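Dropping query18.cif in here (mmCIF, C-alpha atoms and all ligand atoms):
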data_entry
#
loop_
_atom_site.label_atom_id
_atom_site.label_comp_id
_atom_site.auth_asym_id
_atom_site.auth_seq_id
_atom_site.Cartn_x
_atom_site.Cartn_y
_atom_site.Cartn_z
CA MET I 1 127.98 107.31 85.41
CA ILE I 2 125.65 108.24 82.51
CA CYS I 3 128.38 110.40 80.98
CA LEU I 4 131.04 107.76 81.58
CA TYR I 5 129.06 105.10 79.73
CA LYS I 6 128.27 107.50 76.88
CA ILE I 7 131.99 108.11 76.50
CA ALA I 8 132.91 104.44 76.79
CA ARG I 9 130.16 103.03 74.55
CA PRO I 10 131.78 103.70 71.15
CA LEU I 11 134.90 101.91 72.41
CA VAL I 12 132.86 99.05 73.85
CA PHE I 13 131.06 98.71 70.50
CA LEU I 14 134.40 98.30 68.70
CA LEU I 15 134.65 94.91 70.41
CA PRO I 16 132.59 91.91 69.32
CA ALA I 17 129.43 91.82 71.49
CA GLU I 18 130.35 88.71 73.46
CA THR I 19 133.94 89.91 74.08
CA ALA I 20 132.52 93.19 75.41
CA HIS I 21 130.11 91.30 77.64
CA ASN I 22 132.79 89.01 79.06
CA LEU I 23 135.04 92.00 79.69
CA THR I 24 132.18 93.73 81.51
CA LEU I 25 131.72 90.68 83.76
CA LYS I 26 135.47 90.60 84.51
CA LEU I 27 135.53 94.33 85.32
CA LEU I 28 132.44 94.03 87.52
CA LYS I 29 134.18 91.32 89.53
CA ILE I 30 137.29 93.47 90.04
CA PHE I 31 135.80 96.98 90.30
CA PRO I 32 132.27 96.81 91.65
CA LEU I 33 130.18 99.72 90.43
CA PRO I 34 129.33 102.54 92.80
CA THR I 35 125.88 102.18 94.31
CA CYS I 36 123.39 104.06 92.15
CA GLN I 37 120.23 102.83 93.75
CA SER I 38 117.69 105.56 93.63
CA LYS I 39 116.36 106.30 97.10
CA GLN I 40 114.05 103.52 98.10
CA ASN I 41 110.51 104.64 97.52
CA ALA I 42 107.46 102.98 99.04
CA ALA I 43 105.40 103.70 95.92
CA LEU I 44 107.59 101.32 93.88
CA SER I 45 107.71 98.60 96.50
CA GLN I 46 105.50 95.48 96.37
CA THR I 47 105.30 92.43 98.57
CA LEU I 48 104.76 89.35 96.44
CA TRP I 49 105.13 85.68 97.36
CA GLY I 50 106.12 86.87 100.83
CA LYS I 51 109.08 88.92 99.53
CA THR I 52 109.52 92.65 99.24
CA PHE I 53 110.50 93.85 95.78
CA LYS I 54 111.81 97.37 96.33
CA SER I 55 111.48 98.16 92.64
CA PRO I 56 109.37 96.44 89.96
CA VAL I 57 112.37 96.50 87.58
CA GLY I 58 114.58 93.40 87.45
CA LEU I 59 117.57 92.17 85.48
CA ALA I 60 116.50 89.51 82.95
CA ALA I 61 118.22 86.13 82.59
CA GLY I 62 121.21 85.73 80.31
CA PHE I 63 123.31 88.67 81.52
CA ASP I 64 124.79 86.69 84.42
CA LYS I 65 124.52 83.09 83.29
CA ASN I 66 126.93 81.74 85.91
CA ALA I 67 125.80 83.81 88.93
CA GLU I 68 129.13 85.64 89.02
CA VAL I 69 128.09 89.28 89.50
CA ILE I 70 124.92 89.26 91.62
CA ALA I 71 126.29 91.66 94.22
CA PRO I 72 127.60 94.36 91.82
CA MET I 73 124.48 94.21 89.64
CA GLY I 74 122.36 94.40 92.79
CA LYS I 75 123.66 97.90 93.43
CA LEU I 76 122.22 99.45 90.28
CA GLY I 77 118.65 99.95 91.46
CA PHE I 78 117.12 96.68 90.30
CA GLY I 79 114.43 95.22 92.56
CA PHE I 80 115.49 91.67 91.67
CA ILE I 81 118.05 89.83 89.62
CA GLU I 82 117.59 86.66 87.62
CA VAL I 83 120.72 84.59 87.02
CA GLY I 84 121.18 81.69 84.56
CA THR I 85 120.11 79.98 82.42
CA VAL I 86 122.08 77.24 84.16
CA THR I 87 122.09 73.63 82.94
CA PRO I 88 123.21 70.61 84.98
CA LYS I 89 126.40 69.99 82.97
CA PRO I 90 128.69 72.69 81.58
CA GLN I 91 128.25 73.25 77.86
CA ASP I 92 129.92 75.44 75.22
CA GLY I 93 126.83 76.60 73.35
CA ASN I 94 126.87 77.44 69.65
CA PRO I 95 129.98 78.49 67.71
CA LYS I 96 130.99 82.17 67.94
CA PRO I 97 130.09 84.79 66.87
CA ARG I 98 126.63 84.33 68.35
CA ILE I 99 125.58 87.76 69.65
CA PHE I 100 124.93 90.61 67.21
CA ARG I 101 124.06 94.24 67.94
CA CYS I 102 122.10 96.64 65.78
CA PRO I 103 122.54 100.02 67.51
CA ALA I 104 120.38 101.94 65.02
CA HIS I 105 117.40 99.80 66.09
CA ARG I 106 118.47 99.26 69.71
CA ALA I 107 118.29 95.54 68.94
CA VAL I 108 120.25 92.36 69.64
CA ILE I 109 120.15 88.90 68.05
CA ASN I 110 121.65 85.99 69.97
CA ARG I 111 122.03 82.31 69.27
CA MET I 112 124.03 81.49 72.39
CA GLY I 113 122.52 78.02 72.98
CA PHE I 114 122.89 78.15 76.79
CA PRO I 115 126.68 78.34 77.11
CA ASN I 116 127.35 78.06 80.84
CA LYS I 117 129.79 76.53 83.28
CA GLY I 118 127.22 74.11 84.68
CA PHE I 119 125.49 73.62 88.02
CA ASP I 120 128.58 73.12 90.25
CA TYR I 121 130.20 76.42 89.30
CA PHE I 122 126.87 78.30 89.38
CA TYR I 123 126.03 76.93 92.82
CA LYS I 124 129.46 77.79 94.24
CA ASN I 125 129.03 81.39 93.06
CA PHE I 126 125.49 81.66 94.37
CA LYS I 127 126.52 80.27 97.77
CA ARG I 128 129.46 82.68 97.93
CA TYR I 129 127.18 85.61 97.15
CA LYS I 130 124.79 84.54 99.90
CA ALA I 131 127.59 84.10 102.42
CA GLU I 132 129.35 87.39 101.65
CA LYS I 133 126.51 89.77 100.83
CA SER I 134 126.12 92.89 102.90
CA ALA I 135 122.69 94.28 103.78
CA GLU I 136 123.19 96.79 100.96
CA GLN I 137 123.86 94.00 98.47
CA ASP I 138 120.96 91.81 99.53
CA ILE I 139 118.73 91.48 96.49
CA ILE I 140 115.99 89.06 95.51
CA THR I 141 117.73 86.53 93.28
CA GLY I 142 115.84 84.29 90.88
CA LEU I 143 117.48 81.19 89.44
CA ASN I 144 116.67 80.42 85.82
CA ILE I 145 117.09 76.76 84.87
CA GLY I 146 117.29 74.90 81.57
CA MET I 147 118.22 71.58 80.07
CA ASN I 148 121.45 70.48 78.45
CA LYS I 149 121.36 70.28 74.67
CA ASP I 150 121.89 66.49 74.66
CA GLN I 151 119.14 65.73 77.21
CA GLN I 152 116.34 63.66 75.68
CA ALA I 153 114.21 63.64 78.86
CA PRO I 154 113.90 67.34 79.81
CA GLU I 155 112.24 66.82 83.19
CA LYS I 156 115.37 64.99 84.38
CA ASP I 157 117.51 68.13 84.01
CA TYR I 158 114.85 70.46 85.42
CA ASN I 159 114.24 68.19 88.40
CA PHE I 160 117.97 67.75 89.05
CA LEU I 161 118.33 71.55 89.29
CA ILE I 162 115.15 71.96 91.34
CA GLU I 163 116.37 69.34 93.79
CA LYS I 164 119.66 71.20 94.23
CA LEU I 165 118.34 74.77 94.27
CA ALA I 166 114.83 74.79 95.77
CA SER I 167 115.97 75.17 99.36
CA GLU I 168 117.95 78.34 98.57
CA ALA I 169 116.38 80.23 95.68
CA ASP I 170 114.24 83.34 96.12
CA TYR I 171 112.37 82.18 93.04
CA LEU I 172 112.89 79.63 90.27
CA THR I 173 112.24 80.07 86.56
CA ILE I 174 111.70 77.18 84.19
CA ASN I 175 113.04 78.43 80.88
CA ILE I 176 111.25 76.62 78.04
CA SER I 177 111.38 79.41 75.49
CA SER I 178 114.94 80.04 74.31
CA PRO I 179 114.90 79.52 70.55
CA ASN I 180 118.47 78.22 70.45
CA THR I 181 118.09 74.81 72.11
CA PRO I 182 116.47 72.35 69.69
CA GLY I 183 113.10 71.08 70.95
CA LEU I 184 112.99 73.39 73.99
CA ARG I 185 110.00 75.42 72.83
CA ASP I 186 108.01 72.19 72.31
CA LEU I 187 107.74 72.08 76.11
CA GLN I 188 105.32 75.01 75.79
CA LYS I 189 102.79 72.71 74.09
CA LYS I 190 99.91 72.11 76.45
CA GLU I 191 100.30 68.32 76.35
CA ASN I 192 103.92 68.63 77.57
CA LEU I 193 103.54 71.66 79.82
CA LEU I 194 101.21 70.36 82.51
CA ALA I 195 103.20 67.16 82.96
CA LEU I 196 106.48 69.08 83.20
CA ILE I 197 105.19 71.64 85.72
CA THR I 198 103.48 68.99 87.83
CA SER I 199 106.65 66.93 88.00
CA ILE I 200 108.77 69.99 88.88
CA GLN I 201 106.32 71.11 91.55
CA ALA I 202 106.45 67.67 93.17
CA GLN I 203 110.25 67.78 93.14
CA LYS I 204 110.19 71.28 94.62
CA GLU I 205 107.96 70.14 97.48
CA LYS I 206 110.38 67.30 98.24
CA SER I 207 113.48 69.46 98.13
CA ARG I 208 112.53 72.90 99.39
CA GLY I 209 112.97 72.37 103.13
CA ASN I 210 111.80 75.48 104.98
CA ASN I 211 112.17 77.64 101.88
CA ASN I 212 109.20 78.03 99.54
CA PRO I 213 110.38 79.69 96.34
CA PRO I 214 107.67 80.57 93.84
CA LEU I 215 107.96 78.81 90.49
CA PHE I 216 107.77 80.83 87.27
CA VAL I 217 107.66 79.70 83.67
CA LYS I 218 109.26 81.80 80.91
CA LEU I 219 107.51 81.82 77.54
CA ALA I 220 108.21 82.97 74.00
CA PRO I 221 106.45 85.87 72.27
CA ASP I 222 105.93 83.68 69.21
CA LEU I 223 102.61 82.13 70.27
CA ASP I 224 99.35 82.44 68.36
CA ASP I 225 96.02 83.18 70.06
CA THR I 226 95.00 79.52 70.29
CA GLN I 227 98.30 78.60 71.90
CA ILE I 228 97.96 81.49 74.35
CA GLN I 229 94.47 80.33 75.37
CA ASP I 230 95.64 76.71 75.75
CA ILE I 231 98.74 77.60 77.71
CA ALA I 232 96.84 80.05 79.94
CA GLN I 233 94.30 77.37 80.86
CA THR I 234 97.09 74.86 81.48
CA LEU I 235 98.95 77.33 83.70
CA LEU I 236 95.80 78.11 85.71
CA GLU I 237 95.29 74.39 86.21
CA SER I 238 98.94 73.85 87.17
CA GLY I 239 99.03 76.37 90.00
CA ILE I 240 102.22 78.00 88.66
CA ASP I 241 103.18 81.13 90.64
CA GLY I 242 104.21 83.48 87.84
CA ILE I 243 104.71 83.82 84.06
CA ILE I 244 107.69 85.62 82.54
CA LEU I 245 106.62 87.19 79.25
CA THR I 246 108.68 87.14 77.10
CA ASN I 247 111.90 85.63 75.84
CA THR I 248 113.41 86.67 72.47
CA THR I 249 111.46 86.42 69.19
CA LEU I 250 112.11 84.56 65.96
CA ASP I 251 110.36 87.39 64.07
CA ARG I 252 112.38 89.69 61.87
CA PRO I 253 110.67 93.05 61.30
CA ALA I 254 111.20 94.19 57.69
CA ASP I 255 112.87 97.47 58.65
CA LEU I 256 115.91 95.77 60.20
CA PRO I 257 119.02 95.84 57.98
CA ASP I 258 119.55 92.59 56.04
CA THR I 259 123.00 91.84 57.44
CA PHE I 260 121.45 91.85 60.91
CA ARG I 261 118.04 90.34 60.30
CA ASN I 262 119.54 87.38 58.42
CA GLN I 263 121.36 86.20 61.56
CA THR I 264 119.84 83.07 63.09
CA GLY I 265 118.70 83.38 66.70
CA GLY I 266 116.38 85.27 69.01
CA LEU I 267 115.77 88.98 68.53
CA SER I 268 115.55 91.24 71.59
CA GLY I 269 115.55 94.93 72.41
CA ALA I 270 113.28 97.59 70.93
CA PRO I 271 111.90 95.48 68.02
CA VAL I 272 110.39 92.88 70.40
CA LYS I 273 108.79 95.46 72.69
CA ASP I 274 105.28 95.65 71.23
CA LYS I 275 105.04 91.93 70.60
CA ALA I 276 106.00 91.19 74.20
CA THR I 277 103.50 93.75 75.52
CA GLN I 278 100.77 92.27 73.35
CA THR I 279 101.60 88.80 74.73
CA ILE I 280 101.31 90.17 78.28
CA ARG I 281 97.97 91.77 77.46
CA LYS I 282 96.60 88.52 76.04
CA PHE I 283 97.82 86.34 78.93
CA TYR I 284 96.50 88.84 81.48
CA ALA I 285 93.06 88.60 79.86
CA ALA I 286 93.21 84.82 79.37
CA THR I 287 94.14 84.22 83.03
CA ASN I 288 91.82 86.94 84.39
CA GLY I 289 94.88 88.46 86.02
CA GLN I 290 95.06 85.49 88.38
CA ILE I 291 98.73 84.67 87.79
CA PRO I 292 101.30 87.44 88.31
CA ILE I 293 103.12 88.33 85.09
CA ILE I 294 106.74 89.46 84.87
CA GLY I 295 106.93 91.53 81.69
CA CYS I 296 110.11 91.52 79.59
CA GLY I 297 111.12 92.55 76.09
CA GLY I 298 112.38 95.84 74.73
CA ILE I 299 112.12 97.91 77.90
CA SER I 300 114.54 100.84 77.66
CA ASN I 301 112.86 103.54 79.73
CA ALA I 302 110.13 104.12 82.30
CA ASP I 303 107.41 104.57 79.68
CA ASP I 304 108.19 101.11 78.27
CA ALA I 305 108.13 99.58 81.74
CA TYR I 306 104.93 101.40 82.67
CA GLU I 307 103.24 100.29 79.44
CA LYS I 308 103.93 96.65 80.34
CA ILE I 309 102.69 97.18 83.90
CA LYS I 310 99.47 98.75 82.65
CA ALA I 311 99.06 95.85 80.21
CA GLY I 312 99.12 93.45 83.16
CA ALA I 313 102.71 92.95 84.36
CA THR I 314 103.27 93.06 88.12
CA LEU I 315 107.05 93.19 87.68
CA VAL I 316 109.26 93.79 84.64
CA GLN I 317 112.75 92.80 83.53
CA LEU I 318 115.25 94.04 80.97
CA TYR I 319 118.56 93.07 79.42
CA SER I 320 119.25 94.42 75.91
CA ALA I 321 118.73 98.08 76.81
CA LEU I 322 121.57 97.86 79.34
CA ILE I 323 123.91 97.35 76.38
CA TYR I 324 122.77 100.62 74.83
CA GLU I 325 121.93 102.77 77.85
CA GLY I 326 124.46 101.56 80.41
CA PRO I 327 124.39 100.85 84.13
CA SER I 328 122.47 103.95 85.21
CA LEU I 329 119.34 102.69 83.44
CA PRO I 330 117.51 100.89 86.29
CA ALA I 331 117.88 103.82 88.71
CA GLN I 332 116.69 106.22 86.00
CA ILE I 333 113.65 104.02 85.28
CA ASN I 334 112.78 103.93 88.99
CA LYS I 335 112.92 107.71 89.17
CA ASP I 336 110.83 108.19 86.03
CA LEU I 337 108.29 105.54 87.06
CA LEU I 338 107.50 107.65 90.10
CA ALA I 339 106.70 110.52 87.74
CA CYS I 340 104.39 108.22 85.71
CA LEU I 341 102.52 107.25 88.90
CA ALA I 342 102.21 110.86 90.04
CA ARG I 343 100.96 111.96 86.60
CA ASP I 344 98.23 109.31 86.60
CA GLY I 345 97.28 109.72 90.26
CA TYR I 346 98.39 106.27 91.49
CA SER I 347 99.85 106.08 94.96
CA SER I 348 101.61 102.78 94.30
CA ILE I 349 102.87 100.77 91.35
CA ALA I 350 100.57 97.90 92.32
CA ASP I 351 97.58 100.17 91.59
CA ALA I 352 98.69 100.58 87.97
CA VAL I 353 98.92 96.84 87.16
CA GLY I 354 96.51 95.94 84.34
CA GLN I 355 94.86 99.38 84.37
CA GLU I 356 95.17 100.30 80.69
C1 LIG D 401 122.66 87.80 74.81
C2 LIG D 401 121.39 87.32 75.44
C3 LIG D 401 121.39 86.14 76.16
C4 LIG D 401 120.22 85.67 76.75
N1 LIG D 401 120.25 84.53 77.49
C5 LIG D 401 119.12 84.11 78.12
C6 LIG D 401 119.15 82.97 78.95
O1 LIG D 401 120.19 82.33 79.16
N2 LIG D 401 117.98 82.59 79.53
C7 LIG D 401 116.80 83.27 79.36
O2 LIG D 401 115.78 82.89 79.93
N3 LIG D 401 116.76 84.37 78.58
C8 LIG D 401 117.89 84.81 77.98
N4 LIG D 401 117.84 85.93 77.20
C9 LIG D 401 116.53 86.62 76.99
C10 LIG D 401 116.34 87.78 77.95
O3 LIG D 401 116.30 87.34 79.29
C11 LIG D 401 115.02 88.52 77.64
O4 LIG D 401 113.94 87.64 77.86
C12 LIG D 401 114.95 89.03 76.20
O5 LIG D 401 116.21 89.46 75.76
C13 LIG D 401 113.95 90.18 76.06
O6 LIG D 401 114.29 91.26 76.91
P1 LIG D 401 115.18 92.54 76.42
O7 LIG D 401 114.58 93.03 75.15
O8 LIG D 401 115.09 93.51 77.55
O9 LIG D 401 116.56 92.01 76.22
C14 LIG D 401 119.02 86.41 76.61
C15 LIG D 401 119.02 87.61 75.88
C16 LIG D 401 120.18 88.07 75.30
C17 LIG D 401 120.15 89.36 74.54
#
Take the structure in this file and express it as structure tokens.
Ligand SMILES: Cc1cc2nc3c(=O)[nH]c(=O)nc-3n(C[C@H](O)[C@H](O)[C@H](O)COP(=O)(O)O)c2cc1C
Amino acid sequence: MICLYKIARPLVFLLPAETAHNLTLKLLKIFPLPTCQSKQNAALSQTLWGKTFKSPVGLAAGFDKNAEVIAPMGKLGFGFIEVGTVTPKPQDGNPKPRIFRCPAHRAVINRMGFPNKGFDYFYKNFKRYKAEKSAEQDIITGLNIGMNKDQQAPEKDYNFLIEKLASEADYLTINISSPNTPGLRDLQKKENLLALITSIQAQKEKSRGNNNPPLFVKLAPDLDDTQIQDIAQTLLESGIDGIILTNTTLDRPADLPDTFRNQTGGLSGAPVKDKATQTIRKFYAATNGQIPIIGCGGISNADDAYEKIKAGATLVQLYSALIYEGPSLPAQINKDLLACLARDGYSSIADAVGQE
């Protein structure tokens, strides 16, 4: 499969990025990929929130916004898959083009603005996956939720989605950090954050039935030290179950070519890697490692994943590197992570968390 993707990539890159992505989703629905899960290995497995993650490497939100390809993506070696961001009502997002690649820097800029087919379509797909999945396709599935662009009272949209999804999700992520929905990042401010989380937690308790999905919050890498301290204290107070660090950045490193760096939107891939890791490090210290962190941003190999784990991440996620490295990436990272553990004398990935 590595060779196949290497051959196909120049052709894929002839297409505009979003066309290529939509084509990939269509093909995945028709021709599911062969299973390339690396052999399950106990050293990579962790039980968290009562669930067994067979690998610490997950698929980040945004790849499968409408929950259409959970089963095929679940065969690639990921330990968990996050679908969404879903909003209550369907919405078109920003005008196209709105995804831009920069292969020389292994980078992506997107200003999608949460295009998605809305809750009804998302839920139908998620239910179908749950009904039809085989034991081989059973994968921890997180549901990432957001608000519609025209919503003036954000907690209404979050609580609507929590009410509908809490009884069935493996975990839920409150996305308040995409840079492409006006006002969304303001929810990260401490005065807004505690109220929002408290309201969502109350809704979750009402709606979860016998299920008890952990609640995560996904944050931006563009936070200064004071904001990190404030948010960390607020999150400790709130009793949130996990923090996803990070979303895309508004930064534009100077070495990126002008035609690319001048695009509006969130930057992901290799250029966000160090900033995301630094954010993980700071939150891990500010929370005394008391809230599990899911590290994300610029991971394209096992060393990148391991670096985030040693900085304090219990799990990690990736998206942009899939575009450049192809579908064999998660299985390769699993294999190489085992070598990292062996080299450093750890018997399990959990032993490496926060050990830098
Ligand atoms: C095209 C694209 C769309 C994305 N859409 C979402 C989204 O809908 N919700 C979300 O929480 N993050 C979204 N993200 C952010 C990713 O989940 C991830 O946090 C970020 O890209 C950093 O990881 P990476 O460098 O491995 O891509 C998107 C990223 C890209 C590149």
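For Ala302 of chain I, the residues within 7 Å (counting all atoms listed in the file, excluding itself and residues fewer than 6 positions away along the chain) are Ile333, Asp336 and Leu337 of chain I.
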Taking a cut-off of 7 Å and counting all atoms listed in the file, can you build a table that, for each residue of chain I near ligand LIG 401 (chain D), reports the nearest atom pair and how far apart they are in Å (one decimal), sorted by chain then residue number, as a Markdown table?
| residue | atom | partner | partner_atom | distance |
| --- | --- | --- | --- | --- |
| I:Ala60 | CA | D:LIG401 | O3 | 4.3 |
| I:Ala61 | CA | D:LIG401 | O3 | 4.0 |
| I:Gly62 | CA | D:LIG401 | N1 | 3.2 |
| I:Phe63 | CA | D:LIG401 | C3 | 6.2 |
| I:Lys65 | CA | D:LIG401 | O1 | 6.0 |
| I:Gly84 | CA | D:LIG401 | O1 | 5.5 |
| I:Thr85 | CA | D:LIG401 | O1 | 4.0 |
| I:Ile99 | CA | D:LIG401 | C1 | 5.9 |
| I:Val108 | CA | D:LIG401 | C17 | 5.7 |
| I:Ile109 | CA | D:LIG401 | C17 | 6.5 |
| I:Asn110 | CA | D:LIG401 | C1 | 5.3 |
| I:Met112 | CA | D:LIG401 | C3 | 6.5 |
| I:Phe114 | CA | D:LIG401 | O1 | 5.5 |
| I:Asn144 | CA | D:LIG401 | O2 | 6.4 |
| I:Asn175 | CA | D:LIG401 | O2 | 5.3 |
| I:Ser178 | CA | D:LIG401 | C7 | 6.3 |
| I:Lys218 | CA | D:LIG401 | O2 | 6.7 |
| I:Thr246 | CA | D:LIG401 | O4 | 5.3 |
| I:Asn247 | CA | D:LIG401 | O4 | 3.5 |
| I:Thr248 | CA | D:LIG401 | C12 | 4.7 |
| I:Ser268 | CA | D:LIG401 | O7 | 4.1 |
| I:Gly269 | CA | D:LIG401 | O7 | 3.5 |
| I:Ala270 | CA | D:LIG401 | O7 | 6.3 |
| I:Val272 | CA | D:LIG401 | O7 | 6.3 |
| I:Lys273 | CA | D:LIG401 | O7 | 6.7 |
| I:Cys296 | CA | D:LIG401 | O6 | 5.0 |
| I:Gly297 | CA | D:LIG401 | O6 | 3.5 |
| I:Gly298 | CA | D:LIG401 | O7 | 3.6 |
| I:Ile299 | CA | D:LIG401 | O8 | 5.3 |
| I:Gln317 | CA | D:LIG401 | O8 | 6.5 |
| I:Leu318 | CA | D:LIG401 | O8 | 3.5 |
| I:Tyr319 | CA | D:LIG401 | O9 | 3.9 |
| I:Ser320 | CA | D:LIG401 | O9 | 3.6 |
| I:Ala321 | CA | D:LIG401 | O8 | 5.9 |
Could you check which of I:Gln40, I:Gln91, I:Ser199, I:Gln188 is closest to Met147 of chain I, using only C-alpha atoms?
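Answer, going by the shortest atom-to-atom distance: I:Gln91.
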Taking (133.0, 99.5, 71.2) as a centre in this file's frame and 12 Å as the limit, can you find every polymer residue with an atom that close, using all atoms listed in the file, and give them as a list in words?
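Residues lying no farther than 12 Å from the given point: Tyr5, Lys6, Ile7, Ala8, Arg9, Pro10, Leu11, Val12, Phe13, Leu14, Leu15, Pro16, Ala17, Glu18, Thr19, Ala20, His21, Leu23, Thr24, Arg101, Pro103, Ile323 and Tyr324 of chain I.
Closest approach to Asn212 of chain I among I:Asp170, I:Asp251, I:Glu191, I:Asp224: I:Asp170, based on all atoms listed in the file.
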Between atom CA of Pro292 of chain I and atom CA of Lys310 of chain I, what distance in Å does the model show, to one decimal?
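Separation between atom CA of Pro292 of chain I and atom CA of Lys310 of chain I: 12.8 Å.
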One number please: atom CA of Leu59 of chain I to atom CA of Lys75 of chain I, in Å, one decimal.
11.5 Å
Select, from I:Gln137, I:Thr173, I:Asn210, I:Gln46, the residue with the minimum atom-to-atom distance to Ala352 of chain I, counting only C-alpha atoms.
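Selected residue with least distance to Ala352 of chain I: I:Gln46.
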Excluding segment 154-165 of chain I and its own-chain neighbours fewer than 5 positions away, which residues fall within 10 Å of it when counting all atoms listed in the file? Please give them as a VMD selection string.
chain I and resid 86 to 89 119 to 120 123 126 143 to 149 170 to 176 183 to 184 187 195 to 197 199 to 208 213 215
With C-alpha atoms retained, could you export that selection as a tab-separated table (two decimals), keeping the file's coordinate frame?
chain	number	residue	atom	x	y	z
I	86	VAL	CA	122.08	77.24	84.16
I	87	THR	CA	122.09	73.63	82.94
I	88	PRO	CA	123.21	70.61	84.98
I	89	LYS	CA	126.40	69.99	82.97
I	119	PHE	CA	125.49	73.62	88.02
I	120	ASP	CA	128.58	73.12	90.25
I	123	TYR	CA	126.03	76.93	92.82
I	126	PHE	CA	125.49	81.66	94.37
I	143	LEU	CA	117.48	81.19	89.44
I	144	ASN	CA	116.67	80.42	85.82
I	145	ILE	CA	117.09	76.76	84.87
I	146	GLY	CA	117.29	74.90	81.57
I	147	MET	CA	118.22	71.58	80.07
I	148	ASN	CA	121.45	70.48	78.45
I	149	LYS	CA	121.36	70.28	74.67
I	170	ASP	CA	114.24	83.34	96.12
I	171	TYR	CA	112.37	82.18	93.04
I	172	LEU	CA	112.89	79.63	90.27
I	173	THR	CA	112.24	80.07	86.56
I	174	ILE	CA	111.70	77.18	84.19
I	175	ASN	CA	113.04	78.43	80.88
I	176	ILE	CA	111.25	76.62	78.04
I	183	GLY	CA	113.10	71.08	70.95
I	184	LEU	CA	112.99	73.39	73.99
I	187	LEU	CA	107.74	72.08	76.11
I	195	ALA	CA	103.20	67.16	82.96
I	196	LEU	CA	106.48	69.08	83.20
I	197	ILE	CA	105.19	71.64	85.72
I	199	SER	CA	106.65	66.93	88.00
I	200	ILE	CA	108.77	69.99	88.88
I	201	GLN	CA	106.32	71.11	91.55
I	202	ALA	CA	106.45	67.67	93.17
I	203	GLN	CA	110.25	67.78	93.14
I	204	LYS	CA	110.19	71.28	94.62
I	205	GLU	CA	107.96	70.14	97.48
I	206	LYS	CA	110.38	67.30	98.24
I	207	SER	CA	113.48	69.46	98.13
I	208	ARG	CA	112.53	72.90	99.39
I	213	PRO	CA	110.38	79.69	96.34
I	215	LEU	CA	107.96	78.81	90.49
Looking at I:Ile309, I:Leu329, I:Gly239, I:Phe260, which one is nearest to Gln290 of chain I, with distances taken over only C-alpha atoms?
I:Gly239
Taking all atoms listed in the file into account, which of I:Ala131, I:Ala350, I:Leu25, I:Leu193 comes nearest Ser45 of chain I?
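For Ser45 of chain I, the nearest of the candidates is I:Ala350.
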Record the distance separating atom CA of Leu194 of chain I and atom CA of Pro115 of chain I, expressed in Å with one decimal.
27.2 Å
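Around Glu68 of chain I, within 9 Å and counting only C-alpha atoms, the residues found are Leu25, Lys29, Asp64, Val83, Phe122, Asn125, Phe126 and Tyr129 of chain I, once anything fewer than 4 positions away on its own chain is removed.
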Would you mind telling me which residue in I:Pro95, I:Gly295, I:Gly58, I:Gly265 lies nearest to Glu307 of chain I when using all atoms listed in the file?
I:Gly295
Exercise on segment 102-120 of chain I, axis-aligned box with 6 Å per side, report centre and edge lengths in Å to one decimal, as AutoDock Vina command-line options:
--center_x 123.6 --center_y 87.5 --center_z 77.6 --size_x 24.4 --size_y 40.8 --size_z 37.2
